[in-house]
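> Pasting a structure below so you can have a look.
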Amino acid sequence: MATLYEKLGGEKAIAAVVNEFYDRMIKDEQVSHYFRYTDMDKLRKHQISYFMSYALGGPHKYEGATLRESHKGMNITHEHYEIAIKHLNGALRKYNVPLEDRVKVEAFLRSVKPHIINK
Ligand code: HEM
């Protein structure tokens, strides 16, 4: 069975979705402040490899910090996490990812939520 990584179209397609996701996040005044001091190029690259290896079953091995460590001190709220889910879903829709696959990505986002919020 194809992994979600393969189904979505591999590295290029995932990079496009991740970039679209961050474009939406930094344009949204409710969450853009989190990224004020962030090196976005670096974050985009790490996120792409993270999504490929963990979220979607791709070949790249992510070797960065754990999600808990990466988001320590940010105090990301439940509401802001929901906004991130909305924007990722919007990015997936823009690239015509079908509902059944969007549901899987959303399930992954919800599974890691306890590692990220209120840290
Ligand atoms: C499934 C959800 C998420 C995943 C998988 C994720 C993943 C990551 C990873 C892997 C990093 C580390 C990147 C690096 O070391 O360069 C990171 C950093 C970061 N994340 Fe997330 N993240 C998620 C949700 C969020 C949300 C909801 C926010 C804010 C609303 C957020 C804000 C940030 C920021 C600002 C950084 C950069 C910190 C810095 O400047 O070093 N993340 N994220």
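Labeling convention for the structure tokens: chains A, B, ... as they appear, residues from 1 per chain, ligands from 1 in order of appearance.
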Using only C-alpha atoms and all ligand atoms, which residues of the polymer chains come no farther than 8 Å from ligand 1? I'd like the answer as JSON, numbers by chain.
{"A": [25, 31, 32, 34, 35, 36, 37, 38, 39, 40, 42, 43, 44, 45, 46, 47, 50, 51, 55, 64, 65, 66, 67, 70, 71, 74, 76, 77, 80, 81, 82, 83, 84, 85, 108, 109, 110, 112, 113, 116, 117]}
> Please identify which residues in chain A DSSP calls helix (DSSP H, G or I) from the backbone, and express them as a ChimeraX atom specification.
/A:4-8,10-27,32-35,40-55,67-70,78-94,99-116
> Selected residues, C-alpha atoms, written as a PDB file, in the first residue's frame, please.

ATOM      1  CA  LEU A   4       0.449   9.059   2.286  1.00  0.00           C
ATOM      2  CA  TYR A   5       3.808  10.595   1.305  1.00  0.00           C
ATOM      3  CA  GLU A   6       3.690   8.779  -2.036  1.00  0.00           C
ATOM      4  CA  LYS A   7      -0.008   9.468  -2.549  1.00  0.00           C
ATOM      5  CA  LEU A   8       0.418  13.194  -2.050  1.00  0.00           C
ATOM      6  CA  GLY A  10       6.416  13.035  -2.801  1.00  0.00           C
ATOM      7  CA  GLU A  11       8.848  15.660  -1.608  1.00  0.00           C
ATOM      8  CA  LYS A  12       7.967  18.449  -4.061  1.00  0.00           C
ATOM      9  CA  ALA A  13       4.249  18.300  -3.359  1.00  0.00           C
ATOM     10  CA  ILE A  14       4.807  18.224   0.391  1.00  0.00           C
ATOM     11  CA  ALA A  15       7.179  21.195   0.210  1.00  0.00           C
ATOM     12  CA  ALA A  16       4.509  23.161  -1.661  1.00  0.00           C
ATOM     13  CA  VAL A  17       1.876  22.355   0.978  1.00  0.00           C
ATOM     14  CA  VAL A  18       4.188  23.190   3.896  1.00  0.00           C
ATOM     15  CA  ASN A  19       5.183  26.492   2.299  1.00  0.00           C
ATOM     16  CA  GLU A  20       1.544  27.374   1.676  1.00  0.00           C
ATOM     17  CA  PHE A  21       0.766  26.495   5.300  1.00  0.00           C
ATOM     18  CA  TYR A  22       3.425  28.902   6.651  1.00  0.00           C
ATOM     19  CA  ASP A  23       2.367  31.639   4.243  1.00  0.00           C
ATOM     20  CA  ARG A  24      -1.109  31.390   5.761  1.00  0.00           C
ATOM     21  CA  MET A  25       0.178  31.269   9.348  1.00  0.00           C
ATOM     22  CA  ILE A  26       2.370  34.363   9.051  1.00  0.00           C
ATOM     23  CA  LYS A  27      -0.449  36.288   7.369  1.00  0.00           C
ATOM     24  CA  SER A  32       1.741  35.380  13.329  1.00  0.00           C
ATOM     25  CA  HIS A  33       3.332  36.642  16.559  1.00  0.00           C
ATOM     26  CA  TYR A  34       4.662  33.148  17.310  1.00  0.00           C
ATOM     27  CA  PHE A  35       6.895  33.419  14.249  1.00  0.00           C
ATOM     28  CA  MET A  40      11.383  30.878   8.512  1.00  0.00           C
ATOM     29  CA  ASP A  41      13.652  29.299   5.887  1.00  0.00           C
ATOM     30  CA  LYS A  42      15.056  26.962   8.487  1.00  0.00           C
ATOM     31  CA  LEU A  43      11.634  26.234   9.951  1.00  0.00           C
ATOM     32  CA  ARG A  44      10.159  25.444   6.520  1.00  0.00           C
ATOM     33  CA  LYS A  45      12.985  22.995   5.803  1.00  0.00           C
ATOM     34  CA  HIS A  46      12.722  21.244   9.145  1.00  0.00           C
ATOM     35  CA  GLN A  47       8.967  21.036   8.875  1.00  0.00           C
ATOM     36  CA  ILE A  48       9.157  19.505   5.438  1.00  0.00           C
ATOM     37  CA  SER A  49      11.474  16.770   6.657  1.00  0.00           C
ATOM     38  CA  TYR A  50       9.352  16.303   9.779  1.00  0.00           C
ATOM     39  CA  PHE A  51       6.178  15.843   7.793  1.00  0.00           C
ATOM     40  CA  MET A  52       7.844  13.507   5.367  1.00  0.00           C
ATOM     41  CA  SER A  53       9.274  11.215   7.988  1.00  0.00           C
ATOM     42  CA  TYR A  54       6.675  11.196  10.767  1.00  0.00           C
ATOM     43  CA  ALA A  55       3.351  12.456   9.540  1.00  0.00           C
ATOM     44  CA  LEU A  67       7.958  18.471  19.351  1.00  0.00           C
ATOM     45  CA  ARG A  68       7.797  19.067  23.092  1.00  0.00           C
ATOM     46  CA  GLU A  69      11.280  20.633  23.077  1.00  0.00           C
ATOM     47  CA  SER A  70      10.716  22.706  19.916  1.00  0.00           C
ATOM     48  CA  HIS A  78      -5.812  25.166  22.069  1.00  0.00           C
ATOM     49  CA  GLU A  79      -7.445  27.931  19.972  1.00  0.00           C
ATOM     50  CA  HIS A  80      -4.207  28.701  18.146  1.00  0.00           C
ATOM     51  CA  TYR A  81      -3.622  25.026  17.481  1.00  0.00           C
ATOM     52  CA  GLU A  82      -7.080  24.826  15.878  1.00  0.00           C
ATOM     53  CA  ILE A  83      -6.112  27.766  13.642  1.00  0.00           C
ATOM     54  CA  ALA A  84      -3.003  25.863  12.542  1.00  0.00           C
ATOM     55  CA  ILE A  85      -5.156  22.827  11.694  1.00  0.00           C
ATOM     56  CA  LYS A  86      -7.465  25.058   9.659  1.00  0.00           C
ATOM     57  CA  HIS A  87      -4.553  26.545   7.701  1.00  0.00           C
ATOM     58  CA  LEU A  88      -2.928  23.197   6.991  1.00  0.00           C
ATOM     59  CA  ASN A  89      -6.262  21.886   5.795  1.00  0.00           C
ATOM     60  CA  GLY A  90      -6.621  24.964   3.577  1.00  0.00           C
ATOM     61  CA  ALA A  91      -3.168  24.367   2.120  1.00  0.00           C
ATOM     62  CA  LEU A  92      -4.022  20.714   1.389  1.00  0.00           C
ATOM     63  CA  ARG A  93      -7.275  21.768  -0.298  1.00  0.00           C
ATOM     64  CA  LYS A  94      -5.450  24.293  -2.439  1.00  0.00           C
ATOM     65  CA  LEU A  99     -10.883  14.532   1.767  1.00  0.00           C
ATOM     66  CA  GLU A 100      -9.892  11.012   2.855  1.00  0.00           C
ATOM     67  CA  ASP A 101      -6.219  12.058   2.904  1.00  0.00           C
ATOM     68  CA  ARG A 102      -6.908  15.388   4.572  1.00  0.00           C
ATOM     69  CA  VAL A 103      -8.694  13.486   7.325  1.00  0.00           C
ATOM     70  CA  LYS A 104      -5.552  11.379   7.878  1.00  0.00           C
ATOM     71  CA  VAL A 105      -3.302  14.433   8.093  1.00  0.00           C
ATOM     72  CA  GLU A 106      -5.718  16.058  10.529  1.00  0.00           C
ATOM     73  CA  ALA A 107      -5.768  12.902  12.662  1.00  0.00           C
ATOM     74  CA  PHE A 108      -1.963  13.081  12.814  1.00  0.00           C
ATOM     75  CA  LEU A 109      -2.073  16.744  13.876  1.00  0.00           C
ATOM     76  CA  ARG A 110      -4.535  15.884  16.627  1.00  0.00           C
ATOM     77  CA  SER A 111      -2.383  12.978  17.807  1.00  0.00           C
ATOM     78  CA  VAL A 112       0.623  15.248  18.456  1.00  0.00           C
ATOM     79  CA  LYS A 113      -1.363  18.144  19.928  1.00  0.00           C
ATOM     80  CA  PRO A 114      -0.642  17.191  23.581  1.00  0.00           C
ATOM     81  CA  HIS A 115       3.095  17.474  22.836  1.00  0.00           C
ATOM     82  CA  ILE A 116       2.740  21.014  21.506  1.00  0.00           C
TER      83      ILE A 116
END
> Using only C-alpha atoms, which of A:Val97, A:Lys119, A:Gly58, A:Asp28 sits nearest Gly73 in chain A?
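Of all the options, A:Lys119 lies closest to Gly73 in chain A.
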